[in-house]
$ cat run-v5.cif   # mmCIF, C-alpha atoms
data_final
#
loop_
_atom_site.group_PDB
_atom_site.id
_atom_site.type_symbol
_atom_site.label_atom_id
_atom_site.label_comp_id
_atom_site.auth_asym_id
_atom_site.auth_seq_id
_atom_site.Cartn_x
_atom_site.Cartn_y
_atom_site.Cartn_z
ATOM 1 C CA MET A 1 -37.568 10.224 -41.862
ATOM 2 C CA ILE A 2 -35.899 6.850 -42.542
ATOM 3 C CA SER A 3 -32.624 8.235 -41.185
ATOM 4 C CA ASN A 4 -34.320 9.323 -37.946
ATOM 5 C CA GLN A 5 -35.971 5.925 -37.535
ATOM 6 C CA LYS A 6 -32.615 4.213 -38.029
ATOM 7 C CA HIS A 7 -31.027 6.589 -35.534
ATOM 8 C CA ASN A 8 -33.772 5.943 -32.961
ATOM 9 C CA TRP A 9 -33.479 2.185 -33.526
ATOM 10 C CA LYS A 10 -29.744 2.259 -32.834
ATOM 11 C CA ASN A 11 -30.238 4.505 -29.813
ATOM 12 C CA ARG A 12 -32.810 2.101 -28.408
ATOM 13 C CA ILE A 13 -30.419 -0.840 -28.775
ATOM 14 C CA HIS A 14 -27.613 1.229 -27.247
ATOM 15 C CA GLU A 15 -29.836 2.154 -24.313
ATOM 16 C CA VAL A 16 -30.704 -1.493 -23.609
ATOM 17 C CA ILE A 17 -27.213 -2.955 -24.091
ATOM 18 C CA TYR A 18 -24.949 -0.266 -22.674
ATOM 19 C CA GLU A 19 -27.020 1.602 -20.095
ATOM 20 C CA ALA A 20 -27.451 -0.014 -16.681
ATOM 21 C CA ASP A 21 -29.283 3.004 -15.245
ATOM 22 C CA THR A 22 -32.452 2.265 -17.221
ATOM 23 C CA PRO A 23 -34.859 -0.561 -16.263
ATOM 24 C CA SER A 24 -34.411 -2.285 -19.641
ATOM 25 C CA GLY A 25 -30.630 -1.894 -19.481
ATOM 26 C CA LYS A 26 -30.455 -3.283 -15.954
ATOM 27 C CA LEU A 27 -32.655 -6.245 -16.899
ATOM 28 C CA PHE A 28 -30.497 -6.952 -19.964
ATOM 29 C CA ASP A 29 -27.268 -6.908 -17.937
ATOM 30 C CA ILE A 30 -28.716 -9.173 -15.236
ATOM 31 C CA LEU A 31 -29.861 -11.668 -17.882
ATOM 32 C CA LEU A 32 -26.435 -11.414 -19.505
ATOM 33 C CA LEU A 33 -24.693 -12.285 -16.242
ATOM 34 C CA ILE A 34 -27.049 -15.228 -15.746
ATOM 35 C CA PHE A 35 -26.198 -16.578 -19.214
ATOM 36 C CA ILE A 36 -22.483 -16.104 -18.526
ATOM 37 C CA LEU A 37 -22.773 -18.108 -15.303
ATOM 38 C CA VAL A 38 -24.830 -20.789 -17.072
ATOM 39 C CA SER A 39 -22.181 -21.057 -19.787
ATOM 40 C CA ILE A 40 -19.363 -21.428 -17.254
ATOM 41 C CA VAL A 41 -21.330 -24.107 -15.371
ATOM 42 C CA LEU A 42 -21.935 -25.990 -18.634
ATOM 43 C CA VAL A 43 -18.214 -26.052 -19.400
ATOM 44 C CA MET A 44 -17.396 -27.204 -15.875
ATOM 45 C CA LEU A 45 -19.950 -30.001 -16.055
ATOM 46 C CA GLU A 46 -18.634 -31.056 -19.450
ATOM 47 C CA SER A 47 -15.169 -31.536 -17.939
ATOM 48 C CA VAL A 48 -16.595 -34.156 -15.517
ATOM 49 C CA VAL A 49 -16.341 -37.443 -17.453
ATOM 50 C CA SER A 50 -19.292 -39.189 -15.789
ATOM 51 C CA ILE A 51 -21.637 -36.230 -16.349
ATOM 52 C CA ASP A 52 -20.395 -35.614 -19.900
ATOM 53 C CA LYS A 53 -21.028 -39.255 -20.895
ATOM 54 C CA LYS A 54 -24.602 -39.080 -19.674
ATOM 55 C CA TYR A 55 -25.570 -35.558 -20.791
ATOM 56 C CA HIS A 56 -23.068 -34.762 -23.554
ATOM 57 C CA GLU A 57 -25.658 -33.847 -26.200
ATOM 58 C CA LEU A 58 -27.651 -31.667 -23.801
ATOM 59 C CA LEU A 59 -24.527 -29.833 -22.605
ATOM 60 C CA TYR A 60 -23.313 -29.361 -26.183
ATOM 61 C CA ILE A 61 -26.638 -27.938 -27.370
ATOM 62 C CA GLY A 62 -26.870 -25.668 -24.318
ATOM 63 C CA GLU A 63 -23.410 -24.277 -24.951
ATOM 64 C CA TRP A 64 -24.225 -23.562 -28.588
ATOM 65 C CA VAL A 65 -27.460 -21.796 -27.615
ATOM 66 C CA VAL A 66 -25.521 -19.542 -25.235
ATOM 67 C CA THR A 67 -22.788 -18.963 -27.843
ATOM 68 C CA ILE A 68 -25.312 -17.908 -30.492
ATOM 69 C CA LEU A 69 -26.975 -15.512 -28.037
ATOM 70 C CA PHE A 70 -23.584 -13.999 -27.179
ATOM 71 C CA SER A 71 -22.775 -13.699 -30.888
ATOM 72 C CA ILE A 72 -25.989 -11.761 -31.498
ATOM 73 C CA GLU A 73 -25.238 -9.554 -28.499
ATOM 74 C CA TYR A 74 -21.687 -8.888 -29.788
ATOM 75 C CA ILE A 75 -23.015 -7.875 -33.226
ATOM 76 C CA LEU A 76 -25.648 -5.601 -31.647
ATOM 77 C CA ARG A 77 -22.961 -3.916 -29.547
ATOM 78 C CA ILE A 78 -21.010 -3.153 -32.727
ATOM 79 C CA ILE A 79 -23.889 -1.790 -34.803
ATOM 80 C CA SER A 80 -25.369 0.328 -31.978
ATOM 81 C CA VAL A 81 -22.314 2.599 -31.584
ATOM 82 C CA LYS A 82 -21.054 5.317 -33.909
ATOM 83 C CA LYS A 83 -17.441 4.156 -33.841
ATOM 84 C CA PRO A 84 -17.495 0.329 -33.868
ATOM 85 C CA PHE A 85 -13.713 -0.097 -33.923
ATOM 86 C CA LYS A 86 -13.410 1.758 -30.627
ATOM 87 C CA TYR A 87 -15.605 -0.872 -29.000
ATOM 88 C CA ILE A 88 -13.999 -3.799 -30.852
ATOM 89 C CA PHE A 89 -10.500 -2.886 -29.656
ATOM 90 C CA SER A 90 -11.545 -1.763 -26.172
ATOM 91 C CA SER A 91 -10.851 -4.010 -23.181
ATOM 92 C CA PHE A 92 -14.488 -5.150 -22.920
ATOM 93 C CA GLY A 93 -14.703 -5.544 -26.709
ATOM 94 C CA ILE A 94 -11.712 -7.885 -26.756
ATOM 95 C CA ILE A 95 -13.091 -9.859 -23.794
ATOM 96 C CA ASP A 96 -16.489 -10.156 -25.512
ATOM 97 C CA PHE A 97 -14.838 -11.425 -28.700
ATOM 98 C CA LEU A 98 -12.609 -13.928 -26.895
ATOM 99 C CA SER A 99 -15.592 -15.249 -24.939
ATOM 100 C CA THR A 100 -17.618 -15.789 -28.131
ATOM 101 C CA ILE A 101 -15.109 -17.274 -30.572
ATOM 102 C CA PRO A 102 -13.976 -20.531 -28.802
ATOM 103 C CA MET A 103 -17.020 -22.610 -29.797
ATOM 104 C CA TYR A 104 -16.532 -21.633 -33.443
ATOM 105 C CA LEU A 105 -12.849 -22.536 -33.189
ATOM 106 C CA SER A 106 -13.851 -26.004 -31.973
ATOM 107 C CA PHE A 107 -14.665 -26.834 -35.614
ATOM 108 C CA PHE A 108 -10.959 -26.447 -36.397
ATOM 109 C CA PHE A 109 -9.194 -27.099 -33.070
ATOM 110 C CA VAL A 110 -10.407 -29.938 -30.861
ATOM 111 C CA GLY A 111 -10.874 -28.953 -27.210
ATOM 112 C CA SER A 112 -10.777 -25.194 -27.790
ATOM 113 C CA GLN A 113 -14.375 -24.891 -26.514
ATOM 114 C CA ALA A 114 -12.949 -25.100 -22.994
ATOM 115 C CA LEU A 115 -11.731 -21.535 -23.536
ATOM 116 C CA VAL A 116 -15.301 -20.305 -23.077
ATOM 117 C CA THR A 117 -14.432 -20.084 -19.384
ATOM 118 C CA LEU A 118 -12.949 -16.727 -20.442
ATOM 119 C CA ARG A 119 -16.527 -15.526 -20.149
ATOM 120 C CA ALA A 120 -15.907 -15.281 -16.426
ATOM 121 C CA LEU A 121 -14.061 -12.048 -17.250
ATOM 122 C CA ARG A 122 -17.343 -10.597 -18.445
ATOM 123 C CA LEU A 123 -18.624 -10.792 -14.889
ATOM 124 C CA LEU A 124 -16.628 -7.593 -14.395
ATOM 125 C CA ARG A 125 -19.719 -5.888 -15.788
ATOM 126 C CA VAL A 126 -21.323 -6.406 -12.380
ATOM 127 C CA PHE A 127 -19.397 -3.310 -11.247
ATOM 128 C CA ARG A 128 -21.270 -1.264 -13.822
ATOM 129 C CA ILE A 129 -24.644 -2.830 -13.047
ATOM 130 C CA LEU A 130 -24.396 -2.365 -9.297
ATOM 131 C CA LYS A 131 -22.736 1.049 -9.738
ATOM 132 C CA LEU A 132 -19.877 0.099 -7.428
ATOM 133 C CA ALA A 133 -17.475 2.561 -9.007
ATOM 134 C CA ARG A 134 -18.447 5.251 -6.530
ATOM 135 C CA TYR A 135 -17.372 3.008 -3.648
ATOM 136 C CA LEU A 136 -13.871 2.302 -4.976
ATOM 137 C CA GLY A 137 -12.160 5.199 -3.233
ATOM 138 C CA ALA A 138 -10.359 2.811 -0.882
ATOM 139 C CA SER A 139 -9.012 0.821 -3.832
ATOM 140 C CA ASN A 140 -7.617 4.051 -5.282
ATOM 141 C CA HIS A 141 -5.713 4.556 -2.025
ATOM 142 C CA LEU A 142 -4.378 1.009 -2.274
ATOM 143 C CA LYS A 143 -3.324 1.543 -5.886
ATOM 144 C CA ALA A 144 -1.531 4.770 -4.953
ATOM 145 C CA SER A 145 0.174 2.962 -2.065
ATOM 146 C CA LEU A 146 1.416 0.192 -4.348
ATOM 147 C CA VAL A 147 2.738 2.694 -6.868
ATOM 148 C CA ALA A 148 4.457 4.735 -4.144
ATOM 149 C CA SER A 149 6.116 1.643 -2.661
ATOM 150 C CA ARG A 150 7.068 -0.035 -5.960
ATOM 151 C CA VAL A 151 10.788 0.818 -5.642
ATOM 152 C CA LYS A 152 10.996 -0.600 -2.110
ATOM 153 C CA ILE A 153 9.121 -3.714 -3.154
ATOM 154 C CA MET A 154 11.429 -4.234 -6.156
ATOM 155 C CA VAL A 155 14.486 -3.958 -3.899
ATOM 156 C CA PHE A 156 12.877 -6.419 -1.499
ATOM 157 C CA LEU A 157 12.104 -8.922 -4.289
ATOM 158 C CA PHE A 158 15.665 -8.602 -5.573
ATOM 159 C CA ALA A 159 16.949 -9.416 -2.079
ATOM 160 C CA VAL A 160 14.645 -12.458 -1.939
ATOM 161 C CA MET A 161 15.975 -13.668 -5.304
ATOM 162 C CA ILE A 162 19.575 -13.320 -4.132
ATOM 163 C CA THR A 163 18.724 -15.167 -0.899
ATOM 164 C CA SER A 164 17.096 -17.989 -2.875
ATOM 165 C CA VAL A 165 20.145 -18.345 -5.124
ATOM 166 C CA ILE A 166 22.540 -18.418 -2.156
ATOM 167 C CA PHE A 167 20.566 -20.921 -0.056
ATOM 168 C CA GLY A 168 19.698 -23.009 -3.116
ATOM 169 C CA THR A 169 23.381 -23.350 -3.954
ATOM 170 C CA ILE A 170 24.229 -24.213 -0.342
ATOM 171 C CA MET A 171 21.538 -26.934 -0.254
ATOM 172 C CA TYR A 172 22.874 -28.371 -3.516
ATOM 173 C CA LEU A 173 26.321 -28.663 -1.929
ATOM 174 C CA VAL A 174 24.996 -30.040 1.374
ATOM 175 C CA GLU A 175 22.378 -32.525 0.089
ATOM 176 C CA GLY A 176 23.572 -33.366 -3.415
ATOM 177 C CA GLU A 177 21.992 -35.520 -6.086
ATOM 178 C CA ALA A 178 21.506 -38.470 -3.735
ATOM 179 C CA ASN A 179 18.752 -36.595 -1.856
ATOM 180 C CA GLY A 180 16.956 -35.129 -4.896
ATOM 181 C CA PHE A 181 18.926 -31.891 -5.258
ATOM 182 C CA ASP A 182 20.090 -32.809 -8.758
ATOM 183 C CA ASN A 183 21.262 -29.363 -9.844
ATOM 184 C CA ILE A 184 21.439 -25.760 -8.682
ATOM 185 C CA PRO A 185 18.298 -24.530 -10.547
ATOM 186 C CA LYS A 186 16.254 -27.329 -8.948
ATOM 187 C CA SER A 187 17.726 -26.463 -5.556
ATOM 188 C CA ILE A 188 16.794 -22.798 -6.070
ATOM 189 C CA TYR A 189 13.260 -23.905 -6.944
ATOM 190 C CA TRP A 190 13.132 -25.862 -3.679
ATOM 191 C CA CYS A 191 14.397 -22.815 -1.782
ATOM 192 C CA VAL A 192 11.732 -20.521 -3.285
ATOM 193 C CA VAL A 193 8.992 -23.047 -2.448
ATOM 194 C CA THR A 194 10.284 -23.380 1.122
ATOM 195 C CA LEU A 195 10.885 -19.660 1.590
ATOM 196 C CA THR A 196 7.316 -18.843 0.555
ATOM 197 C CA THR A 197 6.043 -21.538 2.984
ATOM 198 C CA VAL A 198 4.277 -23.386 0.140
ATOM 199 C CA GLY A 199 6.241 -26.625 0.580
ATOM 200 C CA PHE A 200 5.172 -29.024 -2.192
ATOM 201 C CA GLY A 201 7.179 -31.818 -0.553
ATOM 202 C CA ASP A 202 8.588 -33.176 -3.818
ATOM 203 C CA ILE A 203 12.125 -32.570 -2.496
ATOM 204 C CA ALA A 204 13.117 -32.940 1.166
ATOM 205 C CA PRO A 205 16.503 -32.634 2.869
ATOM 206 C CA GLN A 206 17.820 -35.786 4.519
ATOM 207 C CA THR A 207 21.012 -34.678 6.285
ATOM 208 C CA PRO A 208 20.950 -33.018 9.734
ATOM 209 C CA LEU A 209 22.740 -29.932 8.373
ATOM 210 C CA GLY A 210 20.270 -29.678 5.491
ATOM 211 C CA GLN A 211 17.314 -29.956 7.851
ATOM 212 C CA PHE A 212 18.788 -27.245 10.093
ATOM 213 C CA ILE A 213 19.198 -24.908 7.090
ATOM 214 C CA THR A 214 15.647 -25.742 6.010
ATOM 215 C CA THR A 215 14.315 -24.797 9.444
ATOM 216 C CA PHE A 216 16.111 -21.454 9.225
ATOM 217 C CA ILE A 217 14.729 -20.828 5.711
ATOM 218 C CA MET A 218 11.153 -21.577 6.799
ATOM 219 C CA ILE A 219 11.381 -19.231 9.788
ATOM 220 C CA LEU A 220 12.922 -16.595 7.522
ATOM 221 C CA GLY A 221 9.989 -17.094 5.149
ATOM 222 C CA TYR A 222 7.452 -15.963 7.748
ATOM 223 C CA GLY A 223 9.429 -12.777 8.267
ATOM 224 C CA ILE A 224 9.713 -12.170 4.527
ATOM 225 C CA ILE A 225 5.934 -12.423 4.070
ATOM 226 C CA ALA A 226 5.427 -9.583 6.562
ATOM 227 C CA VAL A 227 7.881 -7.169 4.907
ATOM 228 C CA PRO A 228 5.924 -6.176 1.734
ATOM 229 C CA THR A 229 2.739 -5.974 3.809
ATOM 230 C CA GLY A 230 4.431 -3.482 6.137
ATOM 231 C CA ILE A 231 5.777 -1.434 3.219
ATOM 232 C CA VAL A 232 2.389 -1.123 1.529
ATOM 233 C CA SER A 233 0.587 -0.526 4.847
ATOM 234 C CA ALA A 234 2.945 2.339 5.708
ATOM 235 C CA GLU A 235 2.307 3.965 2.324
ATOM 236 C CA TYR A 236 -1.435 3.404 2.731
ATOM 237 C CA VAL A 237 -1.441 5.164 6.110
ATOM 238 C CA ARG A 238 0.680 7.976 4.677
ATOM 239 C CA SER A 239 -1.781 8.384 1.789
ATOM 240 C CA GLY A 240 -4.697 8.598 4.237
ATOM 241 C CA GLN A 241 -2.888 11.160 6.372
ATOM 242 C CA LYS A 242 -2.187 13.247 3.272
ATOM 243 C CA GLU A 243 -5.868 13.259 2.296
ATOM 244 C CA ASP A 244 -6.881 14.160 5.868
ATOM 245 C CA ALA A 245 -4.438 17.075 5.768
ATOM 246 C CA GLU A 246 -5.888 18.258 2.448
ATOM 247 C CA ASN A 247 -9.435 18.027 3.841
ATOM 248 C CA GLU A 248 -8.389 19.995 6.918
ATOM 249 C CA ALA A 249 -6.857 22.650 4.700
ATOM 250 C CA LEU A 250 -10.117 22.913 2.750
ATOM 251 C CA LYS A 251 -12.058 23.334 5.992
ATOM 252 C CA THR A 252 -9.643 26.015 7.123
ATOM 253 C CA ASN A 253 -10.218 27.894 3.853
ATOM 254 C CA GLY A 254 -13.981 27.735 4.359
ATOM 255 C CA ASN A 255 -14.648 25.036 1.757
ATOM 256 C CA ASN A 256 -16.587 21.850 2.223
ATOM 257 C CA PRO A 257 -14.213 18.966 1.365
ATOM 258 C CA SER A 258 -17.061 16.668 0.445
ATOM 259 C CA ASP A 259 -17.996 19.050 -2.354
ATOM 260 C CA ASN A 260 -14.530 18.702 -3.811
ATOM 261 C CA ILE A 261 -13.869 15.012 -3.250
ATOM 262 C CA THR A 262 -17.187 13.166 -3.570
ATOM 263 C CA ILE A 263 -18.182 12.645 -7.191
ATOM 264 C CA HIS A 264 -21.229 10.525 -7.871
ATOM 265 C CA LEU A 265 -20.823 8.515 -11.044
ATOM 266 C CA ASN A 266 -23.299 6.449 -13.018
ATOM 267 C CA SER A 267 -23.142 3.853 -15.768
ATOM 268 C CA GLN A 268 -24.046 6.115 -18.687
ATOM 269 C CA HIS A 269 -22.053 5.083 -21.746
ATOM 270 C CA CYS A 270 -21.306 7.430 -24.652
ATOM 271 C CA SER A 271 -22.282 5.901 -28.005
ATOM 272 C CA ASN A 272 -19.742 8.087 -29.801
ATOM 273 C CA CYS A 273 -16.445 7.825 -27.869
ATOM 274 C CA HIS A 274 -17.337 4.984 -25.427
ATOM 275 C CA ALA A 275 -16.495 7.095 -22.373
ATOM 276 C CA SER A 276 -18.159 6.003 -19.139
ATOM 277 C CA ASP A 277 -18.312 7.108 -15.483
ATOM 278 C CA HIS A 278 -20.325 10.249 -16.169
ATOM 279 C CA LYS A 279 -21.651 12.320 -13.300
ATOM 280 C CA ASP A 280 -25.246 11.811 -12.243
ATOM 281 C CA ASN A 281 -27.803 13.802 -14.256
ATOM 282 C CA SER A 282 -25.301 14.413 -17.067
ATOM 283 C CA ASP A 283 -26.943 15.140 -20.414
ATOM 284 C CA TYR A 284 -23.762 15.263 -22.507
ATOM 285 C CA CYS A 285 -20.524 13.295 -22.609
ATOM 286 C CA TYR A 286 -17.667 14.952 -20.704
ATOM 287 C CA ASN A 287 -15.191 13.683 -23.324
ATOM 288 C CA CYS A 288 -16.726 14.461 -26.725
ATOM 289 C CA GLY A 289 -19.923 16.405 -25.977
ATOM 290 C CA ASN A 290 -22.217 13.753 -27.496
ATOM 291 C CA GLU A 291 -25.758 13.656 -26.093
ATOM 292 C CA LEU A 292 -26.303 10.887 -23.544
ATOM 293 C CA ASN A 293 -29.515 8.844 -23.565
ATOM 294 C CA PRO A 294 -31.252 10.882 -26.292
ATOM 295 C CA LEU A 295 -34.377 8.747 -25.920
ATOM 296 C CA LEU A 296 -34.844 9.505 -22.220
#

$ encode --input "run-v5.cif" --output "structure tokens"
Amino acid sequence: MISNQKHNWKNRIHEVIYEADTPSGKLFDILLLIFILVSIVLVMLESVVSIDKKYHELLYIGEWVVTILFSIEYILRIISVKKPFKYIFSSFGIIDFLSTIPMYLSFFFVGSQALVTLRALRLLRVFRILKLARYLGASNHLKASLVASRVKIMVFLFAVMITSVIFGTIMYLVEGEANGFDNIPKSIYWCVVTLTTVGFGDIAPQTPLGQFITTFIMILGYGIIAVPTGIVSAEYVRSGQKEDAENEALKTNGNNPSDNITIHLNSQHCSNCHASDHKDNSDYCYNCGNELNPLL
């Protein structure tokens, strides 16, 4: 009897903390995001000297209140799952830990509380709350396009590096130390900044020949920016054409492509193996077979 009560207690906590499909879970996650935003705002305000002088104690107390709440939440996440170490060493587990520990470290390392801005990473949970995973098909195409074009992009970047070294060396010889080009590495830095059209302005050519070369580099920079975009775009179009061809083949064979491609996912989270992205109306985990939402 006691074992069942303990099991139900843990399941209830798991349902509230991990499940965004339930009313209580959605409310918890929304409140969590609000506290994350409040914490980030507190840190930002604390960095403003005039505000910190006037409201230092209030900001400090507010940050500790949020930190304690996050600490309780972190502990509850650990005790509500069957395999705590899987959560602790998962990506979200590490982010949760890093976003909680800075205020405690401030007792030993001055200024480390500023690291609480890492809590911004926890805003990634909004994808689970709003169930945006089902709408990320386009991002999968983009990812596939980047992977497919990685060799071309690497060759392109290598060519840019060689160009920067060549023009950087030329500018060092043309301008010299008198005009701020003290050495070849610094000249290469200037070339990269100019080639990418950033132009910090900390170094500027003074000779007519140097200015002519600079003009050529800046014009070349606009062309260079367009190259990787064209490479990825071509792969993206090719990926879309491939999917269209596969859908057409399915239609030809009498199948409905939407039945094979569209998979509706939800935010159900397995308390045993921490798998997520289960299909709608799933009762058991696709990875380990553990029952999902046993209290529902």

$ atom_distance --input "run-v5.cif" --atom1 "atom CA of A:Asn287" --atom2 "atom CA of A:Ser145"
28.3 Å

$ resolve_selection --input "run-v5.cif" --expression "the PyMOL selection byres ((chain A and resi 88) around 12)" --output "MDAnalysis selection string"
chainID A and resid 74:79 81:87 89:98 274

$ atom_distance --input "run-v5.cif" --atom1 "atom CA of A:Lys143" --atom2 "atom CA of A:Val227"
17.8 Å

$ residues_around --input "run-v5.cif" --residues "A:Leu59" --least-positions-apart "4" --cutoff "7 Å" --atoms "all atoms listed in the file" --output "PyMOL selection string"
chain A and resi 42+46+55+63

$ write_last_selection --input "run-v5.cif" --atoms "C-alpha atoms" --output "PDB file, in the frame of the given file"
ATOM      1  CA  LEU A  42     -21.935 -25.990 -18.634  1.00  0.00           C
ATOM      2  CA  GLU A  46     -18.634 -31.056 -19.450  1.00  0.00           C
ATOM      3  CA  TYR A  55     -25.570 -35.558 -20.791  1.00  0.00           C
ATOM      4  CA  GLU A  63     -23.410 -24.277 -24.951  1.00  0.00           C
TER       5      GLU A  63
END

$ residues_near_point --input "run-v5.cif" --point "(18.9, -16.2, 0.4)" --cutoff "10 Å" --atoms "all atoms listed in the file" --output "JSON, numbers by chain"
{"A": [159, 160, 161, 162, 163, 164, 165, 166, 167, 168, 169, 170, 188, 191, 192, 195, 217, 220]}

$ atom_distance --input "run-v5.cif" --atom1 "atom CA of A:Ile224" --atom2 "atom CA of A:Val193"
12.9 Å

$ closest_residue --input "run-v5.cif" --among "A:Leu292, A:Gly176, A:Phe216, A:Leu146" --to "A:Val232" --atoms "only C-alpha atoms"
A:Leu146

$ resolve_selection --input "run-v5.cif" --expression "the PyMOL selection byres ((chain A and resi 197) around 8)" --output "NGL selection string"
:A and (193-196 or 198-199 or 218 or 221-222)

$ closest_residue --input "run-v5.cif" --among "A:Cys273, A:Ile184, A:Ala234, A:Met103" --to "A:Ile61" --atoms "only C-alpha atoms"
A:Met103

$ resolve_selection --input "run-v5.cif" --expression "the PyMOL selection byres ((chain A and resi 153) around 12)" --output "list in words"
Ser145, Leu146, Val147, Ala148, Ser149, Arg150, Val151, Lys152, Met154, Val155, Phe156, Leu157, Phe158, Ala159, Val160, Ile224, Ile225, Ala226, Val227, Pro228, Thr229, Gly230, Ile231, Val232 and Glu235 of chain A

$ closest_residue --input "run-v5.cif" --among "A:Phe70, A:Gly180, A:Cys285, A:Leu209" --to "A:Leu31" --atoms "all atoms listed in the file"
A:Phe70

$ closest_residue --input "run-v5.cif" --among "A:Val48, A:Val43, A:Leu37, A:Ile72" --to "A:Pro102" --atoms "all atoms listed in the file"
A:Val43

$ residues_around --input "run-v5.cif" --residues "A:Pro208" --least-positions-apart "6" --cutoff "12 Å" --atoms "all atoms listed in the file" --output "list in words"
Met171, Val174, Glu175, Thr214 and Thr215 of chain A
